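Student: For reference, this is protein_13.cif, and it has mmCIF, C-alpha atoms.
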```cif
data_data
#
loop_
_atom_site.group_PDB
_atom_site.id
_atom_site.type_symbol
_atom_site.label_atom_id
_atom_site.label_comp_id
_atom_site.auth_asym_id
_atom_site.auth_seq_id
_atom_site.Cartn_x
_atom_site.Cartn_y
_atom_site.Cartn_z
ATOM 1 C CA MET A 1 -17.404 5.537 72.280
ATOM 2 C CA THR A 2 -18.618 4.189 68.976
ATOM 3 C CA SER A 3 -17.387 5.555 65.658
ATOM 4 C CA GLY A 4 -20.705 7.344 65.139
ATOM 5 C CA LEU A 5 -20.373 9.224 68.416
ATOM 6 C CA TRP A 6 -16.765 10.171 67.657
ATOM 7 C CA GLU A 7 -17.932 11.478 64.292
ATOM 8 C CA LEU A 8 -20.465 13.633 66.117
ATOM 9 C CA VAL A 9 -17.714 15.049 68.335
ATOM 10 C CA LEU A 10 -15.460 15.746 65.333
ATOM 11 C CA ARG A 11 -18.285 17.608 63.604
ATOM 12 C CA GLY A 12 -18.686 19.633 66.781
ATOM 13 C CA ILE A 13 -14.988 20.493 66.786
ATOM 14 C CA TRP A 14 -15.176 21.626 63.158
ATOM 15 C CA THR A 15 -18.225 23.798 63.917
ATOM 16 C CA THR A 16 -16.443 25.353 66.890
ATOM 17 C CA VAL A 17 -13.349 26.119 64.806
ATOM 18 C CA GLN A 18 -15.469 27.696 62.059
ATOM 19 C CA LEU A 19 -17.330 29.835 64.574
ATOM 20 C CA LEU A 20 -14.053 30.859 66.190
ATOM 21 C CA VAL A 21 -12.523 31.927 62.872
ATOM 22 C CA PHE A 22 -15.565 33.887 61.693
ATOM 23 C CA SER A 23 -16.082 35.566 65.073
ATOM 24 C CA ALA A 24 -12.396 36.413 65.382
ATOM 25 C CA LEU A 25 -12.348 38.027 61.933
ATOM 26 C CA LEU A 26 -15.407 40.131 62.746
ATOM 27 C CA ALA A 27 -14.083 41.034 66.206
ATOM 28 C CA THR A 28 -10.720 42.069 64.730
ATOM 29 C CA ALA A 29 -12.359 44.334 62.147
ATOM 30 C CA VAL A 30 -14.613 45.879 64.792
ATOM 31 C CA SER A 31 -11.686 46.300 67.192
ATOM 32 C CA PHE A 32 -9.598 48.312 64.748
ATOM 33 C CA VAL A 33 -12.460 50.405 63.379
ATOM 34 C CA VAL A 34 -13.843 51.324 66.804
ATOM 35 C CA GLY A 35 -10.394 51.574 68.428
ATOM 36 C CA VAL A 36 -9.162 54.020 65.796
ATOM 37 C CA ALA A 37 -12.445 55.934 66.007
ATOM 38 C CA ARG A 38 -11.915 56.391 69.743
ATOM 39 C CA THR A 39 -8.720 58.324 68.989
ATOM 40 C CA HIS A 40 -10.347 60.474 66.275
ATOM 41 C CA ARG A 41 -10.026 64.246 66.464
ATOM 42 C CA LEU A 42 -13.816 64.749 66.142
ATOM 43 C CA TRP A 43 -15.680 64.411 69.431
ATOM 44 C CA ILE A 44 -18.816 62.980 67.820
ATOM 45 C CA VAL A 45 -16.823 60.090 66.348
ATOM 46 C CA ARG A 46 -15.191 59.423 69.722
ATOM 47 C CA PHE A 47 -18.591 59.594 71.432
ATOM 48 C CA LEU A 48 -20.266 57.112 69.081
ATOM 49 C CA ALA A 49 -17.327 54.699 69.316
ATOM 50 C CA GLY A 50 -17.304 54.986 73.100
ATOM 51 C CA PHE A 51 -21.080 54.443 73.260
ATOM 52 C CA TYR A 52 -20.781 51.248 71.229
ATOM 53 C CA THR A 53 -17.954 50.016 73.438
ATOM 54 C CA GLU A 54 -19.842 50.635 76.659
ATOM 55 C CA VAL A 55 -23.033 48.989 75.392
ATOM 56 C CA PHE A 56 -21.472 45.772 74.124
ATOM 57 C CA ARG A 57 -18.883 45.549 76.878
ATOM 58 C CA GLY A 58 -21.536 46.044 79.530
ATOM 59 C CA THR A 59 -23.962 43.366 78.309
ATOM 60 C CA SER A 60 -23.804 39.588 78.592
ATOM 61 C CA ALA A 61 -22.589 37.678 75.556
ATOM 62 C CA LEU A 62 -25.154 34.975 76.308
ATOM 63 C CA VAL A 63 -28.013 37.470 76.388
ATOM 64 C CA MET A 64 -26.689 39.046 73.181
ATOM 65 C CA ILE A 65 -26.842 35.635 71.479
ATOM 66 C CA PHE A 66 -30.449 35.227 72.641
ATOM 67 C CA TRP A 67 -31.257 38.740 71.407
ATOM 68 C CA VAL A 68 -29.740 38.243 67.962
ATOM 69 C CA PHE A 69 -31.268 34.803 67.453
ATOM 70 C CA PHE A 70 -34.720 35.285 69.013
ATOM 71 C CA VAL A 71 -35.463 39.031 69.192
ATOM 72 C CA LEU A 72 -33.941 40.255 65.921
ATOM 73 C CA PRO A 73 -36.314 38.173 63.742
ATOM 74 C CA VAL A 74 -39.354 39.465 65.642
ATOM 75 C CA ALA A 75 -38.214 43.100 65.671
ATOM 76 C CA PHE A 76 -36.803 43.409 62.149
ATOM 77 C CA GLY A 77 -37.815 40.243 60.330
ATOM 78 C CA TRP A 78 -34.206 39.064 59.880
ATOM 79 C CA GLN A 79 -33.844 35.388 60.707
ATOM 80 C CA LEU A 80 -30.193 34.363 60.906
ATOM 81 C CA VAL A 81 -28.992 30.785 60.909
ATOM 82 C CA PRO A 82 -27.293 29.795 64.190
ATOM 83 C CA MET A 83 -23.776 30.060 62.735
ATOM 84 C CA TRP A 84 -24.215 33.677 61.633
ATOM 85 C CA ALA A 85 -26.223 34.642 64.693
ATOM 86 C CA GLY A 86 -23.430 33.345 66.917
ATOM 87 C CA THR A 87 -20.774 35.013 64.772
ATOM 88 C CA LEU A 88 -22.549 38.368 64.913
ATOM 89 C CA ALA A 89 -23.188 38.272 68.660
ATOM 90 C CA LEU A 90 -19.706 37.079 69.626
ATOM 91 C CA GLY A 91 -17.895 39.250 67.077
ATOM 92 C CA LEU A 92 -19.622 42.452 68.187
ATOM 93 C CA THR A 93 -19.249 41.632 71.888
ATOM 94 C CA TYR A 94 -15.572 40.700 71.851
ATOM 95 C CA GLY A 95 -14.854 43.443 69.316
ATOM 96 C CA ALA A 96 -15.851 45.940 72.011
ATOM 97 C CA TYR A 97 -13.166 44.525 74.299
ATOM 98 C CA GLY A 98 -10.654 44.503 71.463
ATOM 99 C CA SER A 99 -11.326 48.155 70.655
ATOM 100 C CA GLU A 100 -9.947 49.108 74.060
ATOM 101 C CA ILE A 101 -6.784 47.133 73.306
ATOM 102 C CA VAL A 102 -6.369 49.024 70.031
ATOM 103 C CA ARG A 103 -7.074 52.394 71.621
ATOM 104 C CA GLY A 104 -4.562 51.822 74.396
ATOM 105 C CA ALA A 105 -1.844 50.680 71.991
ATOM 106 C CA LEU A 106 -2.391 53.653 69.679
ATOM 107 C CA ASN A 107 -2.194 56.101 72.561
ATOM 108 C CA ALA A 108 0.996 54.426 73.811
ATOM 109 C CA VAL A 109 2.946 55.338 70.663
ATOM 110 C CA ASP A 110 5.421 58.155 71.325
ATOM 111 C CA PRO A 111 3.795 61.482 70.315
ATOM 112 C CA ALA A 112 7.116 62.525 68.776
ATOM 113 C CA GLN A 113 6.593 59.834 66.156
ATOM 114 C CA LYS A 114 3.273 61.383 65.145
ATOM 115 C CA GLU A 115 4.787 64.870 65.154
ATOM 116 C CA GLY A 116 7.510 63.630 62.832
ATOM 117 C CA GLY A 117 4.825 62.447 60.416
ATOM 118 C CA ILE A 118 3.188 65.869 60.544
ATOM 119 C CA ALA A 119 6.550 67.505 59.833
ATOM 120 C CA LEU A 120 6.929 65.264 56.795
ATOM 121 C CA GLY A 121 3.540 66.364 55.494
ATOM 122 C CA PHE A 122 1.798 63.014 55.971
ATOM 123 C CA THR A 123 -1.988 62.919 56.018
ATOM 124 C CA PRO A 124 -3.704 61.486 59.144
ATOM 125 C CA TRP A 125 -4.294 58.190 57.281
ATOM 126 C CA GLN A 126 -0.639 58.010 56.210
ATOM 127 C CA ARG A 127 0.547 58.712 59.755
ATOM 128 C CA LEU A 128 -1.724 55.954 61.056
ATOM 129 C CA ARG A 129 -0.739 53.413 58.404
ATOM 130 C CA LEU A 130 2.995 54.130 58.103
ATOM 131 C CA ILE A 131 3.983 55.297 61.591
ATOM 132 C CA VAL A 132 1.487 54.479 64.330
ATOM 133 C CA LEU A 133 0.133 51.036 63.429
ATOM 134 C CA PRO A 134 3.529 49.392 62.708
ATOM 135 C CA GLN A 135 4.580 50.313 66.251
ATOM 136 C CA ALA A 136 1.253 49.697 67.975
ATOM 137 C CA VAL A 137 0.216 46.357 66.457
ATOM 138 C CA PRO A 138 3.065 44.276 68.014
ATOM 139 C CA GLU A 139 2.059 45.612 71.426
ATOM 140 C CA MET A 140 -1.526 44.492 70.865
ATOM 141 C CA ILE A 141 -0.702 40.841 70.187
ATOM 142 C CA PRO A 142 -0.397 39.571 73.822
ATOM 143 C CA SER A 143 -3.721 41.146 74.766
ATOM 144 C CA PHE A 144 -5.366 39.930 71.570
ATOM 145 C CA SER A 145 -4.030 36.448 72.304
ATOM 146 C CA ASN A 146 -5.820 36.440 75.658
ATOM 147 C CA LEU A 147 -8.968 37.788 74.024
ATOM 148 C CA LEU A 148 -8.838 35.064 71.380
ATOM 149 C CA ILE A 149 -8.699 32.392 74.079
ATOM 150 C CA GLU A 150 -11.674 34.013 75.801
ATOM 151 C CA LEU A 151 -13.507 33.999 72.462
ATOM 152 C CA LEU A 152 -12.759 30.288 72.045
ATOM 153 C CA LYS A 153 -14.362 29.588 75.405
ATOM 154 C CA GLY A 154 -17.218 31.929 74.552
ATOM 155 C CA THR A 155 -18.128 29.831 71.515
ATOM 156 C CA ALA A 156 -19.614 27.275 73.907
ATOM 157 C CA LEU A 157 -22.462 29.722 74.546
ATOM 158 C CA VAL A 158 -23.955 29.070 71.103
ATOM 159 C CA SER A 159 -25.041 25.627 72.290
ATOM 160 C CA VAL A 160 -28.103 27.338 73.812
ATOM 161 C CA MET A 161 -29.383 27.826 70.230
ATOM 162 C CA GLY A 162 -29.087 24.098 69.562
ATOM 163 C CA MET A 163 -26.068 24.720 67.354
ATOM 164 C CA GLY A 164 -23.960 21.598 66.906
ATOM 165 C CA ASP A 165 -20.707 22.943 68.342
ATOM 166 C CA LEU A 166 -18.328 20.942 70.529
ATOM 167 C CA THR A 167 -20.250 21.593 73.741
ATOM 168 C CA PHE A 168 -23.631 20.683 72.221
ATOM 169 C CA SER A 169 -22.187 17.541 70.620
ATOM 170 C CA ALA A 170 -20.675 16.509 73.954
ATOM 171 C CA LYS A 171 -24.086 16.935 75.586
ATOM 172 C CA LEU A 172 -25.670 14.605 73.028
ATOM 173 C CA VAL A 173 -22.933 12.007 73.550
ATOM 174 C CA ARG A 174 -23.364 12.244 77.318
ATOM 175 C CA LEU A 175 -27.096 11.627 76.992
ATOM 176 C CA ALA A 176 -26.413 8.613 74.787
ATOM 177 C CA LEU A 177 -23.747 7.023 77.000
ATOM 178 C CA GLN A 178 -24.664 8.416 80.436
ATOM 179 C CA GLN A 179 -20.950 8.985 81.118
ATOM 180 C CA SER A 180 -20.518 12.593 82.178
ATOM 181 C CA ALA A 181 -17.011 12.375 83.638
ATOM 182 C CA GLU A 182 -15.394 10.751 80.611
ATOM 183 C CA ILE A 183 -17.139 12.897 77.994
ATOM 184 C CA TYR A 184 -16.538 16.258 79.636
ATOM 185 C CA THR A 185 -12.932 15.351 80.377
ATOM 186 C CA TYR A 186 -12.450 14.810 76.651
ATOM 187 C CA VAL A 187 -14.095 18.170 75.969
ATOM 188 C CA LEU A 188 -11.829 19.960 78.440
ATOM 189 C CA LEU A 189 -8.765 18.433 76.791
ATOM 190 C CA ILE A 190 -9.970 19.393 73.307
ATOM 191 C CA TYR A 191 -10.538 23.008 74.317
ATOM 192 C CA PHE A 192 -7.120 23.053 75.992
ATOM 193 C CA VAL A 193 -5.367 21.730 72.874
ATOM 194 C CA ILE A 194 -7.054 24.304 70.648
ATOM 195 C CA ALA A 195 -6.180 27.103 73.096
ATOM 196 C CA PHE A 196 -2.579 25.915 73.338
ATOM 197 C CA LEU A 197 -2.193 25.903 69.555
ATOM 198 C CA LEU A 198 -3.689 29.389 69.325
ATOM 199 C CA THR A 199 -1.259 30.641 71.969
ATOM 200 C CA ARG A 200 1.726 29.229 70.060
ATOM 201 C CA VAL A 201 0.552 30.844 66.832
ATOM 202 C CA MET A 202 0.021 34.226 68.471
ATOM 203 C CA ARG A 203 3.440 34.134 70.144
ATOM 204 C CA GLY A 204 5.080 33.363 66.831
ATOM 205 C CA LEU A 205 3.195 36.246 65.238
ATOM 206 C CA GLU A 206 4.279 38.565 68.042
ATOM 207 C CA LYS A 207 7.946 37.680 67.611
ATOM 208 C CA ARG A 208 7.746 38.135 63.865
ATOM 209 C CA LEU A 209 6.112 41.549 64.125
ATOM 210 C CA LYS A 210 8.450 42.806 66.835
ATOM 211 C CA ALA A 211 11.482 41.649 64.863
ATOM 212 C CA GLY A 212 10.664 44.218 62.184
ATOM 213 C CA VAL A 213 10.287 47.190 64.550
ATOM 214 C CA GLY A 214 13.249 49.566 64.757
ATOM 215 C CA THR A 215 15.336 47.767 62.148
ATOM 216 C CA GLY A 216 15.298 50.470 59.498
ATOM 217 C CA PRO A 217 18.461 51.706 57.801
ATOM 218 C CA GLY A 218 18.729 54.557 60.290
ATOM 219 C CA ALA A 219 19.170 52.137 63.175
ATOM 220 C CA GLY A 220 22.242 50.514 61.708
ATOM 221 C CA SER A 221 23.912 53.801 60.779
ATOM 222 C CA ALA A 222 23.248 55.204 64.252
ATOM 223 C CA ALA A 223 24.815 52.127 65.824
ATOM 224 C CA ARG A 224 27.913 52.464 63.659
ATOM 225 C CA GLU A 225 28.412 56.163 64.394
ATOM 226 C CA PRO A 226 29.959 55.750 67.913
ATOM 227 C CA LYS A 227 32.368 53.146 66.558
ATOM 228 C CA ARG A 228 33.463 55.511 63.772
ATOM 229 C CA ALA A 229 33.998 58.317 66.279
ATOM 230 C CA GLN A 230 35.959 56.044 68.591
ATOM 231 C CA SER A 231 38.262 54.846 65.796
ATOM 232 C CA THR A 232 39.075 58.408 64.713
ATOM 233 C CA GLY A 233 39.399 59.715 68.264
ATOM 234 C CA VAL A 234 36.915 62.534 67.569
ATOM 235 C CA GLY A 235 34.057 63.293 69.935
ATOM 236 C CA VAL A 236 35.030 60.609 72.462
ATOM 237 C CA GLY A 237 35.605 61.497 76.084
ATOM 238 C CA GLY A 238 34.969 65.213 75.481
ATOM 239 C CA GLY A 239 38.341 65.839 73.740
ATOM 240 C CA ALA A 240 41.990 65.344 74.759
ATOM 241 C CA ALA A 241 42.892 65.660 78.395
#
```
So, in terms of structure tokens, how does the structure I just supplied come out?

Tutor:
Amino acid sequence: MTSGLWELVLRGIWTTVQLLVFSALLATAVSFVVGVARTHRLWIVRFLAGFYTEVFRGTSALVMIFWVFFVLPVAFGWQLVPMWAGTLALGLTYGAYGSEIVRGALNAVDPAQKEGGIALGFTPWQRLRLIVLPQAVPEMIPSFSNLLIELLKGTALVSVMGMGDLTFSAKLVRLALQQSAEIYTYVLLIYFVIAFLLTRVMRGLEKRLKAGVGTGPGAGSAAREPKRAQSTGVGVGGGAA
């Protein structure tokens, strides 16, 4: 390919990365807000959060992009540029999937941990922030990693709006060179490299978060207690024979 065509592909990669970052940030915010709402004590909050999840999880991301870009301006008079239309459609759609990840992780935390927070007089927000989330978030990372890869592949859908992402740029290069096999092989490799880098980053984040779970001062003192009892001969083996 000529330098001009490579420049077109590089611009497509940059557009795809931007869309991925913006959509991921929106999807993460939606995931936590809706996921926490689905565990709320008020039934109306749980109902509204569940309704949102079912609607966006049960509709096509491609159709949602069409709706946001073509229907929203007609219905409400809001014309979004392709970048923000794609971000909104993908962020809301994949946020619905992410909310189920958050809900499942929150419900998986040992109820005794929450009861301990109640005994200490913590408010619901304090229990969520100080007790539940620090234990639940590390368990969400593997599922969020898979969802992030799916979101990366979903960014290719915005090419239907004529947005100059990697897939759309590859289509233009293919039309210019008439070399489908070579161009789309390059595109597959580029998507794979981006996905591989994202997977490495998410695994590193998972290890870092899990390394801080259960390492409070109480853990070390509890581990030293059996050794102290063994050295003094008290409480070991149920007493002298």

Student: Starting from the point (-8.0, 29.3, 72.0), work out which residues of protein, DNA or RNA have an atom no more than 9 Å away when counting only C-alpha atoms; state them as a list in words.

Tutor: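 Protein, DNA and RNA residues close to (-8.0, 29.3, 72.0): Leu20, Ser145, Asn146, Leu147, Leu148, Ile149, Glu150, Leu151, Leu152, Lys153, Tyr191, Phe192, Val193, Ile194, Ala195, Phe196, Leu197, Leu198 and Thr199 of chain A.
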
Student: If you apply the PyMOL selection byres ((chain A and resi 56-65) around 7) to this file, what residues do you get, as a ChimeraX atom specification?

Tutor: /A:52-55,66-69,85-86,89-90,93,96-97,157

Student: Take the residues from that selection and put them in a file with C-alpha atoms, as an mmCIF file, keeping the file's coordinate frame.

Tutor:
```cif
data_model
loop_
_atom_site.group_PDB
_atom_site.id
_atom_site.type_symbol
_atom_site.label_atom_id
_atom_site.label_comp_id
_atom_site.auth_asym_id
_atom_site.auth_seq_id
_atom_site.Cartn_x
_atom_site.Cartn_y
_atom_site.Cartn_z
ATOM 1 C CA TYR A 52 -20.781 51.248 71.229
ATOM 2 C CA THR A 53 -17.954 50.016 73.438
ATOM 3 C CA GLU A 54 -19.842 50.635 76.659
ATOM 4 C CA VAL A 55 -23.033 48.989 75.392
ATOM 5 C CA PHE A 66 -30.449 35.227 72.641
ATOM 6 C CA TRP A 67 -31.257 38.740 71.407
ATOM 7 C CA VAL A 68 -29.740 38.243 67.962
ATOM 8 C CA PHE A 69 -31.268 34.803 67.453
ATOM 9 C CA ALA A 85 -26.223 34.642 64.693
ATOM 10 C CA GLY A 86 -23.430 33.345 66.917
ATOM 11 C CA ALA A 89 -23.188 38.272 68.660
ATOM 12 C CA LEU A 90 -19.706 37.079 69.626
ATOM 13 C CA THR A 93 -19.249 41.632 71.888
ATOM 14 C CA ALA A 96 -15.851 45.940 72.011
ATOM 15 C CA TYR A 97 -13.166 44.525 74.299
ATOM 16 C CA LEU A 157 -22.462 29.722 74.546
#
```

Student: Restricting the calculation to only C-alpha atoms: of A:Glu115, A:Glu139, A:Glu100, A:Asp110, which residue gets closest to Leu209 in chain A?

Tutor: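 Smallest distance to Leu209 in chain A is found for A:Glu139.
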
Student: Mind listing as a PyMOL selection string all residues within 8 Å of (-14.5, 39.9, 67.7), counting only C-alpha atoms?

Tutor: chain A and resi 23-31+90-96+98+151

Student: Can you list what the PyMOL selection byres ((chain A and resi 38-49) around 9) grabs from this structure, as a PDB file with C-alpha atoms, in the coordinates of the input?

Tutor:
```
ATOM      1  CA  VAL A  33     -12.460  50.405  63.379  1.00  0.00           C
ATOM      2  CA  VAL A  34     -13.843  51.324  66.804  1.00  0.00           C
ATOM      3  CA  GLY A  35     -10.394  51.574  68.428  1.00  0.00           C
ATOM      4  CA  VAL A  36      -9.162  54.020  65.796  1.00  0.00           C
ATOM      5  CA  ALA A  37     -12.445  55.934  66.007  1.00  0.00           C
ATOM      6  CA  GLY A  50     -17.304  54.986  73.100  1.00  0.00           C
ATOM      7  CA  PHE A  51     -21.080  54.443  73.260  1.00  0.00           C
ATOM      8  CA  TYR A  52     -20.781  51.248  71.229  1.00  0.00           C
ATOM      9  CA  THR A  53     -17.954  50.016  73.438  1.00  0.00           C
ATOM     10  CA  GLU A  54     -19.842  50.635  76.659  1.00  0.00           C
ATOM     11  CA  SER A  99     -11.326  48.155  70.655  1.00  0.00           C
ATOM     12  CA  GLU A 100      -9.947  49.108  74.060  1.00  0.00           C
ATOM     13  CA  ARG A 103      -7.074  52.394  71.621  1.00  0.00           C
ATOM     14  CA  LEU A 106      -2.391  53.653  69.679  1.00  0.00           C
ATOM     15  CA  ASN A 107      -2.194  56.101  72.561  1.00  0.00           C
TER      16      ASN A 107
END
```

Student: Give me the residues within 12 Å of Leu10 in chain A as a PyMOL selection string, counting only C-alpha atoms and dropping any in the same chain fewer than 3 places off.

Tutor: chain A and resi 3-7+13-17+164-170+173+186-187+190

Student: To one decimal place in Å, what is the distance between CA of Thr155 in chain A and CA of Val71 in chain A?

Tutor: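 Those two atoms sit 19.8 Å apart.
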
Student: Name the residues captured by the PyMOL selection byres ((chain A and resi 131) around 10) when it is applied to the shown file; answer as number ranges by chain.

Tutor: A: 109, 113-114, 116-117, 122, 125-130, 132-136

Student: Distance CA of Phe22 in chain A-CA of Lys171 in chain A, one decimal place?

Tutor: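 Between these atoms lies a distance of 23.5 Å.
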
Student: Smallest atom-to-atom distance to Phe70 in chain A: which of A:Val160, A:Ala181, A:Ala112, A:Met140, using all atoms listed in the file?

Tutor: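 Between A:Val160, A:Ala181, A:Ala112, A:Met140, the residue approaching Phe70 in chain A most closely is A:Val160.
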
Student: If you measure from CA of Val201 in chain A to CA of Leu19 in chain A, what distance in Å do you get, rounded to one decimal?

Tutor: 18.1 Å

Student: With only C-alpha atoms as the basis for distance, which of A:Val137, A:Leu72, A:Val9, A:Ile118 is at the shortest distance from Phe32 in chain A?

Tutor: A:Val137

Student: Measuring between only C-alpha atoms, which one of A:Leu120, A:Met83, A:Val21, A:Val74 shows the shortest distance to Gly162 in chain A?

Tutor: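 Comparing A:Leu120, A:Met83, A:Val21, A:Val74 against Gly162 in chain A, the winner is A:Met83.
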
Student: What are the centre and the three edge lengths of an axis-aligned box that wraps all atoms of range 37-43 of chain A in the file, given that 8 Å is added to every side, written as AutoDock Vina command-line options and rounded to one decimal in Å?

Tutor:
```
--center_x -12.2 --center_y 60.3 --center_z 67.9 --size_x 23.0 --size_y 24.8 --size_z 19.7
```

Student: Kindly add all heavy atoms to the incomplete range 79-87 of chain A and provide the output as a PDB file, keeping the file's coordinate frame.

Tutor:
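selection24.pdb, freshly written:
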```pdb
ATOM      1  N   GLN A  79     -34.118  36.661  60.051  1.00  0.00           N
ATOM      2  CA  GLN A  79     -33.844  35.388  60.707  1.00  0.00           C
ATOM      3  C   GLN A  79     -32.475  34.885  60.270  1.00  0.00           C
ATOM      4  O   GLN A  79     -32.264  34.588  59.087  1.00  0.00           O
ATOM      5  CB  GLN A  79     -34.911  34.354  60.361  1.00  0.00           C
ATOM      6  CG  GLN A  79     -34.680  33.004  61.022  1.00  0.00           C
ATOM      7  CD  GLN A  79     -34.740  33.086  62.535  1.00  0.00           C
ATOM      8  OE1 GLN A  79     -35.768  33.427  63.107  1.00  0.00           O
ATOM      9  NE2 GLN A  79     -33.630  32.783  63.192  1.00  0.00           N
ATOM     10  N   LEU A  80     -31.540  34.830  61.198  1.00  0.00           N
ATOM     11  CA  LEU A  80     -30.193  34.363  60.906  1.00  0.00           C
ATOM     12  C   LEU A  80     -30.053  32.908  61.311  1.00  0.00           C
ATOM     13  O   LEU A  80     -30.630  32.469  62.318  1.00  0.00           O
ATOM     14  CB  LEU A  80     -29.157  35.206  61.670  1.00  0.00           C
ATOM     15  CG  LEU A  80     -29.116  36.704  61.349  1.00  0.00           C
ATOM     16  CD1 LEU A  80     -28.106  37.404  62.258  1.00  0.00           C
ATOM     17  CD2 LEU A  80     -28.758  36.936  59.895  1.00  0.00           C
ATOM     18  N   VAL A  81     -29.298  32.154  60.522  1.00  0.00           N
ATOM     19  CA  VAL A  81     -28.992  30.785  60.909  1.00  0.00           C
ATOM     20  C   VAL A  81     -28.103  30.827  62.143  1.00  0.00           C
ATOM     21  O   VAL A  81     -27.431  31.832  62.406  1.00  0.00           O
ATOM     22  CB  VAL A  81     -28.298  30.036  59.750  1.00  0.00           C
ATOM     23  CG1 VAL A  81     -29.209  29.938  58.549  1.00  0.00           C
ATOM     24  CG2 VAL A  81     -26.983  30.716  59.375  1.00  0.00           C
ATOM     25  N   PRO A  82     -28.069  29.761  62.949  1.00  0.00           N
ATOM     26  CA  PRO A  82     -27.293  29.795  64.190  1.00  0.00           C
ATOM     27  C   PRO A  82     -25.834  30.183  64.011  1.00  0.00           C
ATOM     28  O   PRO A  82     -25.279  30.907  64.847  1.00  0.00           O
ATOM     29  CB  PRO A  82     -27.437  28.359  64.722  1.00  0.00           C
ATOM     30  CG  PRO A  82     -28.746  27.896  64.191  1.00  0.00           C
ATOM     31  CD  PRO A  82     -28.876  28.526  62.839  1.00  0.00           C
ATOM     32  N   MET A  83     -25.184  29.726  62.939  1.00  0.00           N
ATOM     33  CA  MET A  83     -23.776  30.060  62.735  1.00  0.00           C
ATOM     34  C   MET A  83     -23.571  31.566  62.634  1.00  0.00           C
ATOM     35  O   MET A  83     -22.690  32.143  63.281  1.00  0.00           O
ATOM     36  CB  MET A  83     -23.250  29.367  61.481  1.00  0.00           C
ATOM     37  CG  MET A  83     -21.827  29.776  61.083  1.00  0.00           C
ATOM     38  SD  MET A  83     -20.565  29.337  62.311  1.00  0.00           S
ATOM     39  CE  MET A  83     -20.432  27.566  61.999  1.00  0.00           C
ATOM     40  N   TRP A  84     -24.395  32.236  61.825  1.00  0.00           N
ATOM     41  CA  TRP A  84     -24.215  33.677  61.633  1.00  0.00           C
ATOM     42  C   TRP A  84     -24.745  34.478  62.807  1.00  0.00           C
ATOM     43  O   TRP A  84     -24.217  35.558  63.108  1.00  0.00           O
ATOM     44  CB  TRP A  84     -24.885  34.111  60.328  1.00  0.00           C
ATOM     45  CG  TRP A  84     -24.314  33.434  59.134  1.00  0.00           C
ATOM     46  CD1 TRP A  84     -24.973  32.697  58.198  1.00  0.00           C
ATOM     47  CD2 TRP A  84     -22.924  33.387  58.752  1.00  0.00           C
ATOM     48  NE1 TRP A  84     -24.105  32.208  57.262  1.00  0.00           N
ATOM     49  CE2 TRP A  84     -22.840  32.605  57.577  1.00  0.00           C
ATOM     50  CE3 TRP A  84     -21.756  33.918  59.286  1.00  0.00           C
ATOM     51  CZ2 TRP A  84     -21.634  32.349  56.927  1.00  0.00           C
ATOM     52  CZ3 TRP A  84     -20.546  33.665  58.649  1.00  0.00           C
ATOM     53  CH2 TRP A  84     -20.491  32.886  57.484  1.00  0.00           C
ATOM     54  N   ALA A  85     -25.751  33.971  63.479  1.00  0.00           N
ATOM     55  CA  ALA A  85     -26.223  34.642  64.693  1.00  0.00           C
ATOM     56  C   ALA A  85     -25.143  34.611  65.774  1.00  0.00           C
ATOM     57  O   ALA A  85     -24.873  35.625  66.439  1.00  0.00           O
ATOM     58  CB  ALA A  85     -27.508  33.981  65.203  1.00  0.00           C
ATOM     59  N   GLY A  86     -24.516  33.449  65.945  1.00  0.00           N
ATOM     60  CA  GLY A  86     -23.430  33.345  66.917  1.00  0.00           C
ATOM     61  C   GLY A  86     -22.236  34.191  66.527  1.00  0.00           C
ATOM     62  O   GLY A  86     -21.608  34.836  67.387  1.00  0.00           O
ATOM     63  N   THR A  87     -21.901  34.195  65.240  1.00  0.00           N
ATOM     64  CA  THR A  87     -20.774  35.013  64.772  1.00  0.00           C
ATOM     65  C   THR A  87     -21.024  36.485  65.035  1.00  0.00           C
ATOM     66  O   THR A  87     -20.138  37.213  65.508  1.00  0.00           O
ATOM     67  CB  THR A  87     -20.549  34.782  63.266  1.00  0.00           C
ATOM     68  OG1 THR A  87     -20.197  33.414  63.045  1.00  0.00           O
ATOM     69  CG2 THR A  87     -19.442  35.678  62.737  1.00  0.00           C
TER      70      THR A  87
END
```
